[in-house]
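Dropping start-v2.pdb in here (PDB, C-alpha atoms):
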ATOM      1  CA  GLY A 497     -10.966   3.448 -41.804
ATOM      2  CA  GLY A 498     -13.280   5.471 -44.028
ATOM      3  CA  PRO A 499     -15.985   4.133 -46.296
ATOM      4  CA  ALA A 500     -14.994   1.607 -48.952
ATOM      5  CA  GLN A 501     -14.232   3.191 -52.322
ATOM      6  CA  ALA A 502     -14.419   1.742 -55.795
ATOM      7  CA  ALA A 503     -11.140   1.342 -57.649
ATOM      8  CA  PRO A 504     -10.435   4.254 -59.999
ATOM      9  CA  ASP A 505     -11.785   3.641 -63.496
ATOM     10  CA  PHE A 506      -8.922   4.075 -65.948
ATOM     11  CA  VAL A 507     -10.950   3.049 -68.993
ATOM     12  CA  PHE A 508     -12.148   6.313 -70.519
ATOM     13  CA  SER A 509     -14.627   6.517 -73.352
ATOM     14  CA  PRO A 510     -13.867   9.137 -76.031
ATOM     15  CA  GLU A 511     -16.759  11.275 -74.703
ATOM     16  CA  GLU A 512     -15.085  11.458 -71.268
ATOM     17  CA  GLN A 513     -11.703  12.564 -72.595
ATOM     18  CA  LYS A 514     -10.453  16.115 -72.450
ATOM     19  CA  VAL A 515      -9.248  17.491 -75.775
ATOM     20  CA  THR A 516      -6.094  19.526 -76.396
ATOM     21  CA  TYR A 517      -4.929  21.262 -79.591
ATOM     22  CA  PRO A 518      -1.501  22.513 -80.717
ATOM     23  CA  LYS A 519      -1.065  26.242 -80.089
ATOM     24  CA  ALA A 520       0.919  26.703 -83.299
ATOM     25  CA  THR A 521      -0.963  27.417 -86.520
ATOM     26  CA  PHE A 522      -0.732  24.773 -89.225
ATOM     27  CA  ASP A 523       0.466  26.088 -92.572
ATOM     28  CA  PRO A 524      -0.519  23.607 -95.312
ATOM     29  CA  ASP A 525       1.306  25.547 -98.036
ATOM     30  CA  LEU A 526       4.571  25.348 -96.076
ATOM     31  CA  HIS A 527       4.206  21.575 -95.577
ATOM     32  CA  LYS A 528       3.441  21.051 -99.276
ATOM     33  CA  ALA A 529       6.456  23.175-100.253
ATOM     34  CA  LEU A 530       8.741  21.178 -97.940
ATOM     35  CA  LEU A 531       7.533  17.947 -99.573
ATOM     36  CA  ALA A 532       8.147  19.217-103.127
ATOM     37  CA  PRO A 533      10.372  16.886-105.201
ATOM     38  CA  GLY A 534      14.105  16.841-104.484
ATOM     39  CA  THR A 535      17.099  14.611-105.134
ATOM     40  CA  ALA A 536      17.901  13.228-101.680
ATOM     41  CA  SER A 537      16.851   9.902-100.139
ATOM     42  CA  ILE A 538      16.351   8.333 -96.719
ATOM     43  CA  VAL A 539      17.186   4.624 -96.724
ATOM     44  CA  GLY A 540      16.389   2.709 -93.585
ATOM     45  CA  VAL A 541      15.703  -0.483 -91.718
ATOM     46  CA  ALA A 542      12.853  -0.643 -89.175
ATOM     47  CA  TYR A 543      12.896  -2.959 -86.190
ATOM     48  CA  ASP A 544      11.839  -3.220 -82.569
ATOM     49  CA  GLN A 545      14.564  -4.289 -80.173
ATOM     50  CA  GLN A 546      13.766  -5.142 -76.604
ATOM     51  CA  LYS A 547      16.308  -4.291 -73.927
ATOM     52  CA  SER A 548      16.777  -6.006 -70.623
ATOM     53  CA  LYS A 549      15.700  -3.752 -67.803
ATOM     54  CA  LEU A 550      18.891  -4.225 -65.792
ATOM     55  CA  LEU A 551      21.883  -3.988 -68.071
ATOM     56  CA  GLU A 552      20.270  -2.646 -71.250
ATOM     57  CA  LYS A 553      21.740  -5.715 -72.923
ATOM     58  CA  LYS A 554      20.719  -5.841 -76.571
ATOM     59  CA  LYS A 555      18.225  -8.548 -77.497
ATOM     60  CA  PRO A 556      17.292  -9.944 -80.924
ATOM     61  CA  LYS A 557      15.767  -7.525 -83.408
ATOM     62  CA  GLN A 558      12.177  -7.931 -84.547
ATOM     63  CA  HIS A 559      11.891  -6.348 -87.976
ATOM     64  CA  LEU A 560       8.667  -4.649 -88.956
ATOM     65  CA  PRO A 561       6.699  -6.978 -91.217
ATOM     66  CA  GLU A 562       6.548  -6.499 -94.969
ATOM     67  CA  GLY A 563       3.823  -4.045 -95.940
ATOM     68  CA  THR A 564       3.960  -1.994 -92.725
ATOM     69  CA  LYS A 565       3.447   1.672 -93.604
ATOM     70  CA  ILE A 566       5.934   4.359 -92.586
ATOM     71  CA  TYR A 567       4.918   8.020 -92.821
ATOM     72  CA  LEU A 568       7.161  11.053 -93.317
ATOM     73  CA  PHE A 569       6.160  14.568 -92.253
ATOM     74  CA  PRO A 570       8.148  17.815 -92.576
ATOM     75  CA  TYR A 571       9.457  18.572 -89.079
ATOM     76  CA  THR A 572       8.116  22.098 -88.673
ATOM     77  CA  PRO A 573       7.339  23.852 -85.349
ATOM     78  CA  TYR A 574       3.753  22.568 -85.770
ATOM     79  CA  THR A 575       4.945  18.955 -86.222
ATOM     80  CA  LYS A 576       7.252  19.326 -83.214
ATOM     81  CA  GLU A 577       4.390  20.497 -81.017
ATOM     82  CA  VAL A 578       2.151  17.652 -82.232
ATOM     83  CA  VAL A 579       4.845  15.086 -81.349
ATOM     84  CA  GLN A 580       5.375  16.678 -77.917
ATOM     85  CA  LEU A 581       1.632  16.625 -77.192
ATOM     86  CA  PHE A 582       1.242  13.006 -78.274
ATOM     87  CA  LYS A 583       4.218  12.001 -76.094
ATOM     88  CA  LYS A 584       2.676  13.851 -73.145
ATOM     89  CA  HIS A 585      -0.820  12.396 -73.592
ATOM     90  CA  GLU A 586      -0.021   9.037 -75.157
ATOM     91  CA  PRO A 587      -2.098   5.944 -74.397
ATOM     92  CA  VAL A 588      -0.987   3.686 -71.553
ATOM     93  CA  GLU A 589       1.539   1.130 -72.814
ATOM     94  CA  GLU A 590       0.136  -2.335 -72.245
ATOM     95  CA  GLU A 591       1.946  -5.658 -72.446
ATOM     96  CA  HIS A 592      -0.227  -8.748 -72.809
ATOM     97  CA  THR A 593       0.582 -12.421 -72.383
ATOM     98  CA  MET A 594      -0.663 -14.914 -74.952
ATOM     99  CA  ASP A 595      -3.307 -16.061 -72.417
ATOM    100  CA  VAL A 596      -4.769 -12.531 -72.352
ATOM    101  CA  LEU A 597      -4.702 -12.258 -76.160
ATOM    102  CA  MET A 598      -6.438 -15.658 -76.493
ATOM    103  CA  ALA A 599      -9.055 -14.628 -73.913
ATOM    104  CA  GLU A 600      -9.636 -11.367 -75.803
ATOM    105  CA  ALA A 601     -10.033 -13.261 -79.098
ATOM    106  CA  GLN A 602     -12.606 -15.528 -77.431
ATOM    107  CA  LEU A 603     -14.413 -12.488 -76.004
ATOM    108  CA  ARG A 604     -14.494 -10.871 -79.442
ATOM    109  CA  LEU A 605     -15.891 -14.092 -80.917
ATOM    110  CA  VAL A 606     -18.723 -14.215 -78.364
ATOM    111  CA  THR A 607     -19.600 -10.531 -77.928
ATOM    112  CA  GLY A 608     -18.195  -8.897 -81.061
ATOM    113  CA  GLU A 609     -16.034  -6.638 -78.853
ATOM    114  CA  GLY A 610     -12.599  -7.093 -77.343
ATOM    115  CA  LEU A 611     -11.205  -5.670 -74.119
ATOM    116  CA  PRO A 612     -11.706  -1.896 -73.798
ATOM    117  CA  GLU A 613      -8.644   0.030 -74.924
ATOM    118  CA  LEU A 614      -6.962   2.176 -72.298
ATOM    119  CA  LEU A 615      -7.302   5.708 -73.601
ATOM    120  CA  PRO A 616      -5.337   8.663 -72.221
ATOM    121  CA  LYS A 617      -7.251  11.221 -70.127
ATOM    122  CA  THR A 618      -6.562  13.863 -72.768
ATOM    123  CA  ARG A 619      -6.923  13.394 -76.521
ATOM    124  CA  VAL A 620      -4.737  15.364 -78.933
ATOM    125  CA  GLU A 621      -6.533  16.721 -81.999
ATOM    126  CA  THR A 622      -4.589  18.219 -84.892
ATOM    127  CA  ASP A 623      -5.602  20.388 -87.833
ATOM    128  CA  PRO A 624      -7.509  18.098 -90.267
ATOM    129  CA  GLN A 625      -5.078  19.078 -93.059
ATOM    130  CA  PHE A 626      -2.029  17.934 -91.041
ATOM    131  CA  ALA A 627      -2.909  14.249 -91.411
ATOM    132  CA  LYS A 628      -3.266  14.632 -95.193
ATOM    133  CA  ILE A 629       0.092  16.175 -96.157
ATOM    134  CA  TRP A 630       2.819  13.530 -95.905
ATOM    135  CA  LYS A 631       4.770  10.955 -97.872
ATOM    136  CA  ALA A 632       4.302   7.248 -97.179
ATOM    137  CA  THR A 633       6.299   4.136 -98.002
ATOM    138  CA  SER A 634       6.032   0.462 -97.141
ATOM    139  CA  VAL A 635       8.502  -1.922 -95.548
ATOM    140  CA  VAL A 636       9.792  -4.368 -98.168
ATOM    141  CA  GLY A 637      11.198  -7.844 -97.584
ATOM    142  CA  LYS A 638      11.977  -9.583 -94.304
ATOM    143  CA  GLU A 639      14.711  -7.235 -93.072
ATOM    144  CA  GLY A 640      12.441  -4.229 -92.399
ATOM    145  CA  LYS A 641      13.917  -2.193 -95.270
ATOM    146  CA  PHE A 642      12.275   0.988 -96.534
ATOM    147  CA  VAL A 643      13.230   3.991 -98.666
ATOM    148  CA  PHE A 644      11.960   7.539 -99.203
ATOM    149  CA  GLU A 645      13.198   9.025-102.476
ATOM    150  CA  GLY A 646      12.893  12.471-104.046
ATOM    151  CA  LEU A 647      13.341  14.533-100.881
ATOM    152  CA  GLN A 648      14.618  18.063-100.410
ATOM    153  CA  PRO A 649      17.188  18.923 -97.739
ATOM    154  CA  GLY A 650      15.412  19.460 -94.427
ATOM    155  CA  VAL A 651      14.339  17.804 -91.190
ATOM    156  CA  TYR A 652      11.694  15.075 -91.291
ATOM    157  CA  TYR A 653       9.637  13.135 -88.760
ATOM    158  CA  LEU A 654       9.170   9.420 -89.513
ATOM    159  CA  GLN A 655       6.585   7.225 -87.793
ATOM    160  CA  SER A 656       5.362   3.696 -88.452
ATOM    161  CA  THR A 657       1.817   2.462 -88.152
ATOM    162  CA  PRO A 658       1.254   0.453 -84.931
ATOM    163  CA  ILE A 659       2.330  -3.191 -85.037
ATOM    164  CA  MET A 660       2.231  -5.988 -82.467
ATOM    165  CA  THR A 661       5.659  -7.140 -81.305
ATOM    166  CA  ALA A 662       6.739  -9.915 -78.969
ATOM    167  CA  ARG A 663       9.150  -9.559 -76.058
ATOM    168  CA  HIS A 664      10.654 -12.570 -74.346
ATOM    169  CA  TYR A 665      11.731 -12.211 -70.720
ATOM    170  CA  VAL A 666      13.936 -14.766 -68.936
ATOM    171  CA  TYR A 667      14.252 -14.444 -65.179
ATOM    172  CA  ASP A 668      15.068 -16.430 -62.047
ATOM    173  CA  VAL A 669      12.454 -17.406 -59.488
ATOM    174  CA  GLN A 670      13.039 -18.875 -56.049
ATOM    175  CA  VAL A 671      11.504 -22.365 -55.918
ATOM    176  CA  GLY A 672      12.665 -23.362 -52.440
ATOM    177  CA  GLU A 673      15.526 -23.193 -49.990
ATOM    178  CA  GLU A 674      18.147 -25.536 -48.678
ATOM    179  CA  VAL A 675      18.411 -25.407 -44.891
ATOM    180  CA  GLN A 676      21.614 -26.506 -43.138
ATOM    181  CA  GLU A 677      21.934 -27.060 -39.421
ATOM    182  CA  ILE A 678      25.008 -25.659 -37.688
ATOM    183  CA  TRP A 679      26.401 -27.754 -34.796
ATOM    184  CA  TYR A 680      29.091 -26.893 -32.265
ATOM    185  CA  LYS A 681      30.475 -29.561 -29.919
ATOM    186  CA  GLY A 682      27.457 -31.760 -30.450
ATOM    187  CA  VAL A 683      24.913 -29.010 -29.867
ATOM    188  CA  GLU A 684      22.803 -27.400 -32.617
ATOM    189  CA  VAL A 685      23.498 -23.674 -32.481
ATOM    190  CA  GLY A 686      21.578 -22.466 -35.525
ATOM    191  CA  THR A 687      20.659 -22.949 -39.120
ATOM    192  CA  SER A 688      21.585 -21.329 -42.405
ATOM    193  CA  SER A 689      19.484 -21.305 -45.551
ATOM    194  CA  THR A 690      20.426 -21.009 -49.200
ATOM    195  CA  PRO A 691      17.773 -20.145 -51.797
ATOM    196  CA  ILE A 692      17.198 -22.581 -54.659
ATOM    197  CA  TRP A 693      16.615 -20.783 -57.943
ATOM    198  CA  ALA A 694      15.152 -21.934 -61.231
ATOM    199  CA  SER A 695      14.967 -20.159 -64.567
ATOM    200  CA  ASP A 696      11.564 -19.156 -65.904
ATOM    201  CA  SER A 697      10.454 -17.140 -68.901
ATOM    202  CA  GLN A 698       7.472 -15.283 -70.274
ATOM    203  CA  THR A 699       6.614 -13.859 -73.674
ATOM    204  CA  THR A 700       4.524 -10.709 -73.787
ATOM    205  CA  TYR A 701       3.012  -8.899 -76.736
ATOM    206  CA  ARG A 702       2.518  -5.158 -77.162
ATOM    207  CA  LYS A 703       1.698  -2.558 -79.774
ATOM    208  CA  VAL A 704       4.573  -0.312 -80.810
ATOM    209  CA  GLU A 705       4.932   2.662 -83.125
ATOM    210  CA  LEU A 706       8.487   3.372 -84.193
ATOM    211  CA  ALA A 707       9.519   6.991 -84.759
ATOM    212  CA  LYS A 708      12.601   9.063 -85.570
ATOM    213  CA  ILE A 709      13.602  12.605 -86.492
ATOM    214  CA  VAL A 710      15.975  12.605 -89.482
ATOM    215  CA  GLU A 711      17.921  15.453 -91.076
ATOM    216  CA  VAL A 712      18.842  15.593 -94.760
ATOM    217  CA  LYS A 713      21.640  18.155 -95.141
ATOM    218  CA  GLN A 714      22.173  18.511 -98.888
ATOM    219  CA  ASP A 715      20.828  17.731-102.349
ATOM    220  CA  GLY A 716      21.533  14.226-103.600
ATOM    221  CA  GLN A 717      22.424  12.931-100.120
ATOM    222  CA  VAL A 718      21.463   9.374 -99.154
ATOM    223  CA  VAL A 719      20.830   9.281 -95.386
ATOM    224  CA  GLU A 720      20.921   5.831 -93.784
ATOM    225  CA  VAL A 721      18.784   5.418 -90.662
ATOM    226  CA  GLU A 722      17.739   2.743 -88.212
ATOM    227  CA  LEU A 723      14.097   3.240 -87.258
ATOM    228  CA  ASN A 724      14.275   1.469 -83.905
ATOM    229  CA  GLU A 725      13.059   3.884 -81.227
ATOM    230  CA  THR A 726       9.532   3.497 -79.934
ATOM    231  CA  PHE A 727       7.317   6.539 -80.197
ATOM    232  CA  ARG A 728       7.667   7.192 -76.454
ATOM    233  CA  ASP A 729      11.503   7.165 -76.690
ATOM    234  CA  VAL A 730      11.944   9.430 -79.714
ATOM    235  CA  LYS A 731      14.249  12.355 -78.957
ATOM    236  CA  ILE A 732      12.686  15.761 -79.530
ATOM    237  CA  ARG A 733      14.950  18.300 -81.264
TER
END
This structure in structure tokens:
Amino acid sequence: GGPAQAAPDFVFSPEEQKVTYPKATFDPDLHKALLAPGTASIVGVAYDQQKSKLLEKKKPKQHLPEGTKIYLFPYTPYTKEVVQLFKKHEPVEEEHTMDVLMAEAQLRLVTGEGLPELLPKTRVETDPQFAKIWKATSVVGKEGKFVFEGLQPGVYYLQSTPIMTARHYVYDVQVGEEVQEIWYKGVEVGTSSTPIWASDSQTTYRKVELAKIVEVKQDGQVVEVELNETFRDVKIR
């Protein structure tokens, strides 16, 4: 074997990151024009919904808490490229158990800093004006409801601020085995074993940003949407 090597360091500081920019040119006047007042609305409900990894069986919904911000951007070629770049260079998705979160809280209490955040190798930087031209609304009530009013027909990109959601996994673990001896005419000829299973569960916590691309086709239309795809799952169009 060769010389021992240190494990790769996946925790980048911002100074170590590469930077990438959209190739398209941002047109602030176009974005402002597309956000000019109209008569259409987008009415939605925002929730995270875990899926089992095997059968994609639907699990209970976790609605975004009251006060969570949702942002709406005109879906121009520039916006599309920004979304594609962020999907390509997004941060590593981390799931934490409550033990890890408690340990991090204790660490923050003692040192003033939590665990280092896992940053992507490449950071996406957009035109400074892009992050200033949008509409925002807040989730109201306990059912994750939100509404954008006064929109023109067009295609829009919706994204929530990051929130922490819980996912509960139930699974079987083998806790032992039952061994049976097999006899034939008074002589032991072998054994057979049957696993003994027990049910176990674990709750993990993770940050999610929900996102969706929504089309308003005509004046006065009320488009109903379910904002329930994570940022990494949003379908590019």
Mind giving me the straight-line distance from atom CA of Pro533 of chain A to atom CA of Thr572 of chain A in Å, one decimal? 17.5 Å
Residue neighbourhood segment 628-643 of chain A, 6 Å, all atoms listed in the file, exclusion window fewer than 6 positions, as a list in words: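 Once the nearby chain positions are removed, what remains is Ile538, Val539, Gly540, Val541, Ala542, His559, Leu560, Glu562, Gly563, Thr564, Lys565, Ile566, Tyr567, Leu568 and Phe569 of chain A.
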Which residues fall under the PyMOL selection byres ((chain A and resi 529) around 12) in this file, as a tab-separated table (two decimals) with C-alpha atoms, keeping the file's coordinate frame?
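To be explicit, this is the file written out as selection.tsv:
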chain	number	residue	atom	x	y	z
A	523	ASP	CA	0.47	26.09	-92.57
A	524	PRO	CA	-0.52	23.61	-95.31
A	525	ASP	CA	1.31	25.55	-98.04
A	526	LEU	CA	4.57	25.35	-96.08
A	527	HIS	CA	4.21	21.58	-95.58
A	528	LYS	CA	3.44	21.05	-99.28
A	530	LEU	CA	8.74	21.18	-97.94
A	531	LEU	CA	7.53	17.95	-99.57
A	532	ALA	CA	8.15	19.22	-103.13
A	533	PRO	CA	10.37	16.89	-105.20
A	534	GLY	CA	14.10	16.84	-104.48
A	569	PHE	CA	6.16	14.57	-92.25
A	570	PRO	CA	8.15	17.82	-92.58
A	572	THR	CA	8.12	22.10	-88.67
A	629	ILE	CA	0.09	16.18	-96.16
A	630	TRP	CA	2.82	13.53	-95.90
A	647	LEU	CA	13.34	14.53	-100.88
A	648	GLN	CA	14.62	18.06	-100.41
A	649	PRO	CA	17.19	18.92	-97.74
A	650	GLY	CA	15.41	19.46	-94.43
Excluding Leu706 of chain A and any residue of its chain fewer than 2 positions from it, enumerate the residues within 6 Å of it, using only C-alpha atoms, and give them as JSON, numbers by chain. {"A": [655, 656, 725, 726, 727]}
How would you write, as number ranges by chain, the residues chosen by the PyMOL selection byres ((chain A and resi 521) around 10) on this structure? A: 518-520, 522-524, 573-574, 623
Which value, in Å to one decimal, gives the distance between atom CA of Thr593 of chain A and atom CA of Thr699 of chain A?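 Here the two named atoms are 6.3 Å from each other.
The space between atom CA of Met594 of chain A and atom CA of Trp693 of chain A spans 24.9 Å.
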Centre and edge lengths of an axis-aligned box around all listed atoms of segment 564-567 of chain A, with 8 Å added on each side, are to be given in Å to one decimal, as lines of an AutoDock Vina configuration file.
center_x = 4.7
center_y = 3.0
center_z = -93.1
size_x = 18.5
size_y = 26.0
size_z = 17.0
For the provided coordinates, the residues matched by the PyMOL selection byres ((chain A and resi 580) around 12) should be stated as a PDB file with C-alpha atoms, in the coordinates of the input.
ATOM      1  CA  THR A 516      -6.094  19.526 -76.396  1.00  0.00           C
ATOM      2  CA  TYR A 517      -4.929  21.262 -79.591  1.00  0.00           C
ATOM      3  CA  PRO A 518      -1.501  22.513 -80.717  1.00  0.00           C
ATOM      4  CA  LYS A 519      -1.065  26.242 -80.089  1.00  0.00           C
ATOM      5  CA  PRO A 573       7.339  23.852 -85.349  1.00  0.00           C
ATOM      6  CA  TYR A 574       3.753  22.568 -85.770  1.00  0.00           C
ATOM      7  CA  THR A 575       4.945  18.955 -86.222  1.00  0.00           C
ATOM      8  CA  LYS A 576       7.252  19.326 -83.214  1.00  0.00           C
ATOM      9  CA  GLU A 577       4.390  20.497 -81.017  1.00  0.00           C
ATOM     10  CA  VAL A 578       2.151  17.652 -82.232  1.00  0.00           C
ATOM     11  CA  VAL A 579       4.845  15.086 -81.349  1.00  0.00           C
ATOM     12  CA  LEU A 581       1.632  16.625 -77.192  1.00  0.00           C
ATOM     13  CA  PHE A 582       1.242  13.006 -78.274  1.00  0.00           C
ATOM     14  CA  LYS A 583       4.218  12.001 -76.094  1.00  0.00           C
ATOM     15  CA  LYS A 584       2.676  13.851 -73.145  1.00  0.00           C
ATOM     16  CA  HIS A 585      -0.820  12.396 -73.592  1.00  0.00           C
ATOM     17  CA  GLU A 586      -0.021   9.037 -75.157  1.00  0.00           C
ATOM     18  CA  VAL A 620      -4.737  15.364 -78.933  1.00  0.00           C
ATOM     19  CA  PHE A 727       7.317   6.539 -80.197  1.00  0.00           C
ATOM     20  CA  ARG A 728       7.667   7.192 -76.454  1.00  0.00           C
ATOM     21  CA  ASP A 729      11.503   7.165 -76.690  1.00  0.00           C
ATOM     22  CA  VAL A 730      11.944   9.430 -79.714  1.00  0.00           C
ATOM     23  CA  LYS A 731      14.249  12.355 -78.957  1.00  0.00           C
ATOM     24  CA  ILE A 732      12.686  15.761 -79.530  1.00  0.00           C
ATOM     25  CA  ARG A 733      14.950  18.300 -81.264  1.00  0.00           C
TER      26      ARG A 733
END
When you count all atoms listed in the file, which of these residues is closest to Leu723 of chain A: A:Met660, A:Ala694, A:Leu654, A:Val685? A:Leu654
Name the residues in contact with Ser688 of chain A at a cut-off of 9 Å, using all atoms listed in the file, excluding same-chain residues fewer than 3 positions from it; report them as a ChimeraX atom specification. /A:674-678
Could those residues be written to a file, using C-alpha atoms, as an mmCIF file, in the coordinates of the input?
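Output file again14.cif is given in full below:
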data_model
loop_
_atom_site.group_PDB
_atom_site.id
_atom_site.type_symbol
_atom_site.label_atom_id
_atom_site.label_comp_id
_atom_site.auth_asym_id
_atom_site.auth_seq_id
_atom_site.Cartn_x
_atom_site.Cartn_y
_atom_site.Cartn_z
ATOM 1 C CA GLU A 674 18.147 -25.536 -48.678
ATOM 2 C CA VAL A 675 18.411 -25.407 -44.891
ATOM 3 C CA GLN A 676 21.614 -26.506 -43.138
ATOM 4 C CA GLU A 677 21.934 -27.060 -39.421
ATOM 5 C CA ILE A 678 25.008 -25.659 -37.688
#
Considering only C-alpha atoms, can you say which of A:Ile692, A:Ile659, A:Val666, A:Val671 comes closest to Pro561 of chain A?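 Under the stated criterion, the closest residue is A:Ile659.
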